[in-house]
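Chemist: Next comes the structure file protein-v3.txt, holding compact mmCIF, C-alpha atoms.
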```txt
# COMPACT_ATOMS: atom_id res chain seq x y z
CA ILE A 1 115.19 129.57 95.44
CA PRO A 2 117.43 129.35 92.32
CA GLN A 3 116.68 131.90 89.61
CA ASP A 4 116.19 129.26 86.92
CA THR A 5 113.51 127.54 89.02
CA LEU A 6 111.76 130.88 89.51
CA GLY A 7 112.07 131.45 85.76
CA GLU A 8 110.29 128.17 85.03
CA TYR A 9 107.62 129.11 87.56
CA ASN A 10 107.12 132.46 85.80
CA TYR A 11 106.92 130.83 82.36
CA LEU A 12 104.24 128.38 83.52
CA LYS A 13 102.30 131.20 85.19
CA GLY A 14 102.38 132.94 81.82
CA LEU A 15 100.47 130.04 80.29
CA LEU A 16 97.67 130.71 82.77
CA ASP A 17 97.72 134.45 82.14
CA ARG A 18 96.94 133.83 78.48
CA PRO A 19 93.50 132.86 77.16
CA ASP A 20 92.97 129.09 77.16
CA ARG A 21 93.73 127.83 73.66
CA LYS A 22 92.70 124.22 74.22
CA ALA A 23 89.45 123.99 72.26
CA LYS A 24 89.83 120.46 70.92
CA THR A 25 87.73 117.84 72.67
CA VAL A 26 89.41 114.43 72.90
CA THR A 27 87.19 111.42 73.48
CA ASN A 28 89.89 108.75 73.71
CA GLY A 29 92.73 109.98 75.88
CA TYR A 30 94.76 106.78 75.71
CA GLU A 31 95.13 107.03 71.94
CA ASN A 32 95.47 110.83 71.86
CA PHE A 33 97.47 111.43 75.02
CA THR A 34 99.36 114.47 73.70
CA SER A 35 96.02 116.31 73.50
CA SER A 36 94.60 114.85 76.72
CA GLU A 37 97.21 113.75 79.25
CA TRP A 38 99.92 116.30 78.46
CA PRO A 39 97.74 119.37 79.19
CA VAL A 40 96.62 117.78 82.47
CA MET A 41 100.20 117.08 83.57
CA THR A 42 101.42 120.50 82.45
CA TYR A 43 99.09 122.17 84.94
CA SER A 44 99.23 119.51 87.66
CA PHE A 45 103.02 119.42 87.86
CA PHE A 46 102.98 123.22 87.92
CA CYS A 47 100.71 123.08 90.98
CA PHE A 48 102.86 120.48 92.71
CA GLY A 49 105.98 122.54 92.08
CA ALA A 50 104.31 125.81 93.11
CA ARG A 51 103.32 124.15 96.38
CA ASN A 52 106.97 123.36 97.09
CA LEU A 53 108.06 126.91 96.28
CA ALA A 54 105.41 128.34 98.59
CA LEU A 55 106.40 126.04 101.45
CA LYS A 56 110.05 126.95 100.97
CA ASP A 57 109.38 130.69 100.71
CA PRO A 58 106.10 131.74 102.43
CA THR A 59 106.23 135.16 100.72
CA LEU A 60 105.22 133.32 97.53
CA LYS A 61 102.07 131.78 99.04
CA ALA A 62 99.61 134.40 97.78
CA ASP A 63 101.02 134.38 94.25
CA ALA A 64 101.28 130.58 94.11
CA SER A 65 97.73 130.19 95.44
CA ARG A 66 96.34 132.50 92.76
CA TYR A 67 97.90 130.57 89.92
CA MET A 68 97.18 127.16 91.43
CA ARG A 69 93.52 128.18 91.55
CA LEU A 70 93.64 129.23 87.88
CA ALA A 71 95.19 125.88 86.94
CA ILE A 72 92.47 123.97 88.83
CA GLU A 73 89.67 126.00 87.26
CA ARG A 74 91.16 125.38 83.83
CA LEU A 75 91.35 121.61 84.34
CA MET A 76 87.74 121.52 85.52
CA ARG A 77 86.57 122.65 82.06
CA SER A 78 85.03 119.92 79.95
CA GLN A 79 87.64 120.04 77.19
CA TYR A 80 90.20 118.81 79.73
CA TYR A 81 88.22 115.82 81.01
CA ASP A 82 86.03 114.78 78.05
CA PHE A 83 88.61 112.11 77.22
CA ILE A 84 87.78 110.21 80.40
CA VAL A 85 83.95 110.49 80.41
CA GLY A 86 83.52 107.48 78.10
CA HIS A 87 85.49 105.35 80.56
CA PHE A 88 84.14 106.40 83.96
CA GLY A 89 81.40 108.98 83.44
CA ASN A 90 81.44 112.64 84.45
CA PRO A 91 83.02 113.06 87.90
CA PHE A 92 81.41 116.48 88.35
CA GLN A 93 77.88 115.28 87.59
CA ASP A 94 77.73 111.63 88.69
CA SER A 95 76.93 110.89 92.31
CA GLU A 96 79.16 107.80 92.27
CA VAL A 97 82.80 108.19 91.19
CA LYS A 98 84.74 105.12 90.06
CA ASP A 99 88.47 104.61 89.40
CA ASN A 100 89.80 107.48 87.20
CA ALA A 101 93.28 107.31 88.73
CA PHE A 102 94.91 109.54 86.10
CA TYR A 103 92.72 112.59 85.49
CA LEU A 104 90.89 112.62 88.81
CA GLY A 105 94.02 111.60 90.71
CA HIS A 106 95.95 114.58 89.38
CA LEU A 107 93.04 116.97 89.92
CA THR A 108 92.48 115.76 93.50
CA LEU A 109 96.13 116.27 94.38
CA MET A 110 95.91 119.75 92.84
CA LEU A 111 92.93 120.45 95.12
CA ALA A 112 94.92 119.09 98.06
CA THR A 113 98.02 121.19 97.42
CA TYR A 114 95.91 124.31 96.83
CA ARG A 115 94.13 123.82 100.18
CA GLU A 116 97.48 123.11 101.85
CA VAL A 117 99.09 126.31 100.55
CA SER A 118 96.19 128.78 100.53
CA GLY A 119 93.95 127.60 103.38
CA ASP A 120 91.06 128.56 101.08
CA SER A 121 87.97 126.32 101.34
CA LEU A 122 86.74 127.18 97.82
CA PHE A 123 87.20 123.65 96.44
CA ASP A 124 86.56 121.72 99.67
CA GLY A 125 83.33 120.20 98.37
CA TRP A 126 85.08 118.58 95.41
CA PHE A 127 88.11 117.65 97.51
CA HIS A 128 85.92 115.82 100.05
CA LYS A 129 83.91 114.08 97.35
CA PHE A 130 86.88 112.83 95.34
CA ALA A 131 89.01 111.88 98.37
CA ARG A 132 86.15 109.85 99.83
CA ALA A 133 85.58 108.14 96.46
CA PHE A 134 89.26 107.20 96.12
CA TYR A 135 89.31 105.85 99.67
CA GLU A 136 86.24 103.67 99.09
CA ASN A 137 87.44 102.48 95.67
CA TYR A 138 90.88 101.54 96.99
CA LYS A 139 89.28 99.60 99.84
CA GLU A 140 87.10 97.65 97.39
CA SER A 141 89.86 96.87 94.86
CA PRO A 142 91.38 93.37 95.23
CA THR A 143 94.80 94.80 94.36
CA CYS A 144 94.31 98.16 96.12
CA SER A 145 94.73 99.79 92.69
CA LEU A 146 92.49 101.69 90.28
CA ASP A 147 92.22 102.00 86.51
CA SER A 148 93.29 105.12 84.63
CA TYR A 149 91.21 104.04 81.65
CA LYS A 150 88.77 101.16 81.52
CA ASP A 151 90.68 97.93 82.22
CA MET A 152 94.03 99.78 82.17
CA CYS A 153 95.88 100.03 85.47
CA TRP A 154 99.36 101.49 86.00
CA VAL A 155 101.29 101.44 89.27
CA SER A 156 102.70 104.94 88.76
CA GLU A 157 99.29 106.55 88.60
CA GLN A 158 98.23 105.20 92.00
CA THR A 159 100.81 107.34 93.76
CA VAL A 160 99.19 110.68 92.90
CA PRO A 161 95.74 110.09 94.49
CA LEU A 162 97.36 108.26 97.40
CA ARG A 163 99.35 111.38 98.25
CA ALA A 164 96.15 113.44 98.00
CA LEU A 165 94.55 111.16 100.62
CA LYS A 166 97.45 111.77 103.00
CA ILE A 167 97.07 115.55 102.65
CA HIS A 168 93.31 115.24 103.25
CA ASP A 169 94.07 113.40 106.49
CA ASP A 170 96.57 116.05 107.55
CA ILE A 171 94.10 118.88 106.99
CA PHE A 172 90.77 117.36 108.02
CA GLY A 173 91.73 114.55 110.40
CA THR A 174 90.30 111.73 108.31
CA ASN A 175 91.95 108.31 108.15
CA TYR A 176 91.95 107.76 104.39
CA ALA A 177 95.69 107.13 104.24
CA GLU A 178 95.22 103.74 105.87
CA VAL A 179 94.86 102.41 102.33
CA ILE A 180 98.46 103.49 101.62
CA SER A 181 99.74 100.82 104.01
CA ARG A 182 97.57 98.22 102.29
CA TRP A 183 98.79 99.42 98.90
CA GLU A 184 102.41 99.09 100.02
CA SER A 185 101.81 95.56 101.36
CA THR A 186 100.05 94.54 98.14
CA MET A 187 102.86 95.89 95.97
CA LYS A 188 105.51 94.10 98.03
CA ALA A 189 103.62 90.81 98.00
CA ARG A 190 102.47 90.72 94.37
CA PHE A 191 104.00 93.38 92.14
CA ILE A 192 107.71 93.58 92.88
CA ASP A 193 109.92 92.02 90.20
CA LYS A 194 111.90 89.34 92.04
CA ASN A 195 115.08 89.74 90.00
CA SER A 196 115.42 93.52 90.18
CA GLY A 197 113.48 94.43 93.30
CA LEU A 198 111.58 97.04 91.28
CA LEU A 199 107.86 97.65 90.89
CA ILE A 200 106.19 96.32 87.77
CA THR A 201 104.40 98.86 85.59
CA HIS A 202 101.09 97.66 84.15
CA PHE A 203 98.67 94.99 85.35
CA ASN A 204 95.02 93.97 85.60
CA LYS A 205 93.64 95.42 88.83
CA ASN A 206 91.08 92.63 89.23
CA THR A 207 93.11 89.53 88.45
CA GLY A 208 96.60 90.84 89.16
CA ARG A 209 97.86 89.63 85.78
CA VAL A 210 101.08 91.50 84.94
CA TYR A 211 101.37 93.05 81.47
CA GLU A 212 104.60 95.02 81.74
CA GLY A 213 107.67 94.85 83.96
CA PRO A 214 109.68 97.61 85.69
CA ARG A 215 110.33 100.98 84.08
CA THR A 216 112.17 104.03 85.32
CA ILE A 217 109.06 106.20 85.09
CA THR A 218 107.17 103.80 87.38
CA GLU A 219 109.82 103.81 90.08
CA SER A 220 110.30 107.58 89.75
CA PHE A 221 106.60 108.41 90.17
CA THR A 222 106.43 106.25 93.27
CA ILE A 223 109.46 107.90 94.83
CA ILE A 224 108.49 111.45 93.85
CA PHE A 225 105.01 111.26 95.37
CA LEU A 226 105.52 108.89 98.30
CA TYR A 227 109.14 109.42 99.41
CA ASP A 228 108.16 111.06 102.71
CA ILE A 229 105.09 108.87 103.29
CA LEU A 230 106.74 105.48 102.66
CA PRO A 231 110.42 106.38 103.20
CA ASP A 232 111.82 102.85 103.62
CA PHE A 233 109.89 101.48 100.64
CA CYS A 234 110.99 104.38 98.42
CA ARG A 235 114.59 104.18 99.60
CA ASP A 236 114.77 100.51 98.59
CA LEU A 237 113.22 101.31 95.21
CA TYR A 238 115.71 104.09 94.62
CA ILE A 239 118.68 101.89 95.51
CA ASN A 240 117.45 99.18 93.14
CA MET A 241 116.60 101.73 90.44
CA LYS A 242 120.17 103.02 90.47
CA LYS A 243 121.55 99.50 90.50
CA GLU A 244 119.46 98.26 87.58
CA LEU A 245 118.73 101.33 85.43
CA LEU A 246 121.46 103.89 86.04
CA VAL A 247 124.16 104.04 83.37
CA ASN A 248 127.20 106.23 82.85
CA ARG A 249 127.61 108.28 79.69
CA LEU A 250 130.80 110.36 79.45
CA GLY A 251 130.98 110.63 83.21
CA PHE A 252 127.31 111.62 83.59
CA PRO A 253 124.54 109.53 85.17
CA PHE A 254 121.54 108.82 82.94
CA PHE A 255 118.70 106.34 83.22
CA LYS A 256 117.48 103.65 80.90
CA GLU A 257 113.71 103.21 80.75
CA TYR A 258 113.72 99.40 80.69
CA LEU A 259 115.73 96.63 82.29
CA GLY A 260 118.43 94.96 80.20
CA ASN A 261 120.09 96.14 77.03
CA LYS A 262 117.01 96.33 74.83
CA GLN A 263 115.65 99.89 74.83
CA TYR A 264 112.92 101.07 72.50
CA ALA A 265 111.37 104.46 72.01
CA ASN A 266 107.66 105.09 72.38
CA ALA A 267 105.37 107.98 73.22
CA ASP A 268 106.18 107.76 76.95
CA THR A 269 109.96 107.43 76.74
CA GLY A 270 110.57 109.90 73.94
CA PRO A 271 113.69 109.30 71.85
CA ILE A 272 116.30 106.80 73.01
CA ILE A 273 119.79 108.32 72.68
CA TRP A 274 122.79 106.08 73.28
CA GLY A 275 120.56 103.65 75.15
CA VAL A 276 119.09 106.20 77.56
CA SER A 277 115.81 108.10 77.74
CA PRO A 278 115.97 111.87 78.38
CA VAL A 279 112.31 111.78 79.49
CA SER A 280 112.94 108.99 82.00
CA SER A 281 116.04 110.79 83.22
CA SER A 282 113.96 113.94 83.85
CA PHE A 283 111.63 112.04 86.17
CA ALA A 284 114.60 110.23 87.71
CA MET A 285 116.08 113.65 88.45
CA GLY A 286 113.03 114.28 90.63
CA SER A 287 113.64 110.96 92.39
CA ALA A 288 117.25 111.91 93.07
CA ALA A 289 116.08 115.28 94.43
CA ALA A 290 113.48 113.63 96.66
CA MET A 291 116.08 111.20 98.01
CA ASP A 292 118.61 114.04 98.39
CA ASP A 293 121.15 112.27 96.19
CA GLN A 294 123.14 115.26 94.95
CA LYS A 295 125.68 113.09 93.12
CA VAL A 296 122.94 112.01 90.73
CA TYR A 297 120.68 115.07 90.88
CA GLN A 298 123.18 117.79 90.00
CA PRO A 299 124.64 116.13 86.86
CA LEU A 300 121.11 115.30 85.64
CA ARG A 301 120.06 118.87 86.30
CA PHE A 302 122.96 120.18 84.23
CA ALA A 303 122.25 117.68 81.44
CA SER A 304 118.60 118.83 81.34
CA GLU A 305 119.79 122.38 80.75
CA VAL A 306 121.98 121.34 77.85
CA PHE A 307 119.77 118.77 76.10
CA GLY A 308 116.51 120.52 76.97
CA LEU A 309 117.83 123.73 75.42
CA GLY A 310 116.65 125.92 78.27
CA VAL A 311 116.23 129.56 77.29
CA THR A 312 115.38 132.55 79.51
CA PHE A 313 113.70 135.75 78.35
CA ASP A 314 112.27 138.52 80.52
CA GLY A 315 112.54 136.39 83.67
CA ARG A 316 110.73 133.41 82.14
CA LYS A 317 112.45 130.16 81.35
CA LYS A 318 111.25 127.36 79.10
CA TYR A 319 112.81 124.35 77.43
CA LEU A 320 112.67 124.26 73.65
CA VAL A 321 112.90 120.47 73.75
CA GLY A 322 109.86 119.28 75.63
CA GLY A 323 107.84 122.49 75.50
CA ALA A 324 105.33 123.26 78.24
CA ILE A 325 105.00 119.71 79.55
CA GLY A 326 108.78 119.25 79.69
CA THR A 327 109.22 122.59 81.47
CA SER A 328 106.55 121.67 84.01
CA VAL A 329 108.10 118.26 84.79
CA LEU A 330 111.58 119.76 85.21
CA PHE A 331 110.17 122.59 87.35
CA PHE A 332 108.53 120.10 89.72
CA SER A 333 111.63 117.90 89.83
CA LYS A 334 113.82 120.88 90.72
CA SER A 335 111.34 122.10 93.34
CA LEU A 336 111.90 118.86 95.27
CA ALA A 337 115.57 119.79 95.63
CA LEU A 338 114.65 122.95 97.54
CA PHE A 339 114.53 120.89 100.72
CA SER A 340 117.96 119.31 100.23
CA LYS A 341 120.20 119.02 103.28
CA GLN A 342 123.27 118.00 101.27
CA PRO A 343 125.84 120.40 99.76
CA ARG A 344 125.57 121.00 96.01
CA ILE A 345 127.97 119.10 93.78
CA THR A 346 130.06 121.16 91.37
CA LEU A 347 130.64 119.56 87.98
CA SER A 348 134.16 119.26 86.66
CA LEU A 349 135.24 121.19 83.57
CA LYS A 350 135.97 117.85 81.88
CA ASN A 351 132.36 116.71 82.32
CA ILE A 352 130.99 120.00 81.04
CA ILE A 353 133.19 119.89 77.93
CA PHE A 354 132.15 116.28 77.26
CA LEU A 355 128.46 117.12 77.56
CA TYR A 356 128.57 120.08 75.21
CA SER A 357 130.70 118.07 72.76
CA LEU A 358 128.06 115.34 72.75
CA LEU A 359 125.33 117.92 72.16
CA GLY A 360 127.36 119.34 69.26
CA ILE A 361 127.64 115.90 67.67
CA ILE A 362 123.90 115.30 68.02
CA VAL A 363 123.06 118.71 66.49
CA ALA A 364 125.52 118.12 63.63
CA LEU A 365 123.98 114.72 62.87
CA LEU A 366 120.53 116.28 62.95
CA LEU A 367 121.51 119.04 60.54
CA LEU A 368 123.14 116.48 58.26
CA SER A 369 119.96 114.41 58.24
CA ILE A 370 117.84 117.48 57.42
CA LYS A 371 120.23 118.46 54.62
CA ARG A 372 120.05 114.95 53.17
CA LEU A 373 116.26 114.94 53.41
CA ILE A 374 116.00 118.29 51.58
CA HIS A 375 118.40 117.04 48.92
CA ASN A 376 116.25 113.94 48.33
CA TRP A 377 113.09 116.07 48.11
CA VAL A 378 114.72 118.27 45.49
CA LEU A 379 115.73 115.22 43.44
CA PHE A 380 112.25 113.73 43.77
CA PHE A 381 110.37 116.83 42.61
CA ARG A 382 112.86 117.87 39.93
```
Spit out the file's structure as structure tokens when you get a sec.

Modeler:
Amino acid sequence: IPQDTLGEYNYLKGLLDRPDRKAKTVTNGYENFTSSEWPVMTYSFFCFGARNLALKDPTLKADASRYMRLAIERLMRSQYYDFIVGHFGNPFQDSEVKDNAFYLGHLTLMLATYREVSGDSLFDGWFHKFARAFYENYKESPTCSLDSYKDMCWVSEQTVPLRALKIHDDIFGTNYAEVISRWESTMKARFIDKNSGLLITHFNKNTGRVYEGPRTITESFTIIFLYDILPDFCRDLYINMKKELLVNRLGFPFFKEYLGNKQYANADTGPIIWGVSPVSSSFAMGSAAAMDDQKVYQPLRFASEVFGLGVTFDGRKKYLVGGAIGTSVLFFSKSLALFSKQPRITLSLKNIIFLYSLLGIIVALLLLSIKRLIHNWVLFFR
């Protein structure tokens, strides 16, 4: 296991060693996602990555299990799920569980990976309850899809609970994953963009009305979580994703978030730099790792080090750009590469010089902008 991946693992463990500082209760997660969704994904992607480390190196199982348990217990505190109660009720108190693809999907896959790594039955009651609910809800849905918030359904967020159902089958011998085949058939028949061959992003789960077309993050989530369950489907998505969304910048592969030339920044994509999204490229790096495409994975991995400003101290590594959530996503993406069967690609000196030169230009422009802003403030208050 590479030292930088272990460093990210150690940094994220450190978050769980410290007292929980999330005291703010968020009642509308969709409008306040940095205080609701980001903490959930920080701990869930840590669990998913820790699972991969433990499967690669069994000597890490005990340590990974301990911290995966801490992450699960933290996410089961009310301040982490209050944002979803107004949409679907309290999943820990209500006898009937509906939809809740985002929060409950991530938590259920955390329960699944913990059981898979540790063999501990501590959370089996919740795992059985939530897996059964997802199975029944998927069977009842006309599009084999569930909402993440009331009347808000995203393709990407189906892939997380679907993977949890497959793990439940593997451990307990259930047949919940039969809905994955129906989901795949439904996506192919109704929600593949005909021009690009890519999955659409956002639609109405009851009527099938499409609200948003393909995005890199949608294709990446699908590949990352289902690559070994639906290999042919994910391989086709990956080929089309590279064809439609992969661009070359100074000899490096990066990914646009949207089809076409028009790219716009929002809370999901982060900043758009030279027409590409660093956030989308981070998830795409996980897709490249899952598909064992070293020619795309290795340059993206190097770019994440440079633009993410990765720093290591006392065996712990974090990224100054992106913080805890960014570190967790990159940790999980890199953990998928642990199972690569292809030789690593070494970057040329020319590419490395180009990348650091580009970073220098960006930093210089940033400093210039800050200097100009301070100058204007001084003139204003003089």

Chemist: Would you compute the distance between CA of Asp228 (chain A) and CA of Lys166 (chain A)? Give it in Å to one decimal.

Modeler: 10.7 Å

Chemist: So which one's closest to Glu116 (chain A), A:Leu338, A:Val97, A:Met152, A:Ile167? Using only C-alpha atoms, please.

Modeler: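 The answer is A:Ile167, which sits nearest to Glu116 (chain A).
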
Chemist: Counting only C-alpha atoms, which residues in region 254-352 of chain A sit no more than 7 Å from region 34-52 of chain A? For each one, give the nearest pair of atoms and the distance in Å, sorted by chain then residue number, as JSON lines.

Modeler:
```
{"residue": "A:Ala324", "atom": "CA", "partner": "A:Thr42", "partner_atom": "CA", "distance": 6.4}
{"residue": "A:Ile325", "atom": "CA", "partner": "A:Thr42", "partner_atom": "CA", "distance": 4.7}
{"residue": "A:Ser328", "atom": "CA", "partner": "A:Thr42", "partner_atom": "CA", "distance": 5.5}
{"residue": "A:Val329", "atom": "CA", "partner": "A:Phe45", "partner_atom": "CA", "distance": 6.0}
{"residue": "A:Phe331", "atom": "CA", "partner": "A:Gly49", "partner_atom": "CA", "distance": 6.3}
{"residue": "A:Phe332", "atom": "CA", "partner": "A:Gly49", "partner_atom": "CA", "distance": 4.2}
{"residue": "A:Ser335", "atom": "CA", "partner": "A:Gly49", "partner_atom": "CA", "distance": 5.5}
{"residue": "A:Leu336", "atom": "CA", "partner": "A:Asn52", "partner_atom": "CA", "distance": 6.9}
```

Chemist: If we count only C-alpha atoms, what is near Ile200 (chain A) at a cut-off of 7 Å, once residues fewer than 5 positions away on the same chain are taken out, given as a list of chain:residue names?

Modeler: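 So, after excluding close chain neighbours, the residues are A:Phe191, A:Ile192, A:Asp193, A:Glu212, A:Gly213, A:Pro214.
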
Chemist: Keeping C-alpha atoms, export the residues of the selection given above as a PDB file, keeping the file's coordinate frame.

Modeler:
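The resulting file, selection_32.pdb, is shown below:
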```
ATOM      1  CA  PHE A 191     104.000  93.380  92.140  1.00  0.00           C
ATOM      2  CA  ILE A 192     107.710  93.580  92.880  1.00  0.00           C
ATOM      3  CA  ASP A 193     109.920  92.020  90.200  1.00  0.00           C
ATOM      4  CA  GLU A 212     104.600  95.020  81.740  1.00  0.00           C
ATOM      5  CA  GLY A 213     107.670  94.850  83.960  1.00  0.00           C
ATOM      6  CA  PRO A 214     109.680  97.610  85.690  1.00  0.00           C
TER       7      PRO A 214
END
```

Chemist: Let me make sure I understand: among A:Lys205, A:Arg66, A:Lys98, A:Lys242, which one has the smallest atom-to-atom distance to Glu219 (chain A) if we use all atoms listed in the file?

Modeler: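 When distances to Glu219 (chain A) are compared using all atoms listed in the file, the smallest one comes from A:Lys242.
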
Chemist: When distances are computed from only C-alpha atoms, which of A:Leu70, A:Leu199, A:Leu60, A:Ala290 shows the smallest separation from Tyr258 (chain A)?

Modeler: A:Leu199

Chemist: I'd like the neighbourhood of Gly322 (chain A) as a PyMOL selection string, where a residue qualifies if any of its atoms comes within 12 Å (using all atoms listed in the file), though same-chain residues fewer than 6 positions away should be ignored.

Modeler: chain A and resi 34+38+42+269-271+278-279+282+304-305+307-310+328-330

Chemist: Quick one: distance from CA of Asp99 (chain A) to CA of Ser148 (chain A) in Å, one decimal?

Modeler: 6.8 Å

Chemist: Residues at most 8 Å from Thr159 (chain A), counting all atoms listed in the file, excluding those fewer than 3 positions away in the same chain, as a PyMOL selection string?

Modeler: chain A and resi 155-156+162-163+221-222+225-226

Chemist: Record the distance separating CA of Asn195 (chain A) and CA of Leu246 (chain A), expressed in Å with one decimal.

Modeler: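 Between these atoms lies a distance of 16.0 Å.
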
Chemist: Nearest to Thr312 (chain A) among A:Gly7, A:Gly173, A:Pro231, A:Pro142, with distances taken over all atoms listed in the file: which residue is it?

Modeler: A:Gly7

Chemist: Any idea what's packed within 6 Å of His202 (chain A), counting all atoms listed in the file, ignoring anything in its chain fewer than 6 positions away? Could you give it as a ChimeraX atom specification?

Modeler: /A:153-154,211-212

Chemist: Applying 9 Å and all atoms listed in the file, which residues near Ala112 (chain A) remain after dropping the ones on its own chain fewer than 4 positions away? List them as a PyMOL selection string.

Modeler: chain A and resi 107-108+116-117+124+127+163-165+167-168+171

Chemist: Could you write out as JSON the box around region 122-125 of chain A (axis-aligned, all atoms listed in the file, 3 Å on each side), with centre and edge lengths in Å to one decimal?

Modeler:
```
{"center_x": 85.3, "center_y": 123.7, "center_z": 98.1, "size_x": 9.9, "size_y": 13.0, "size_z": 9.2}
```
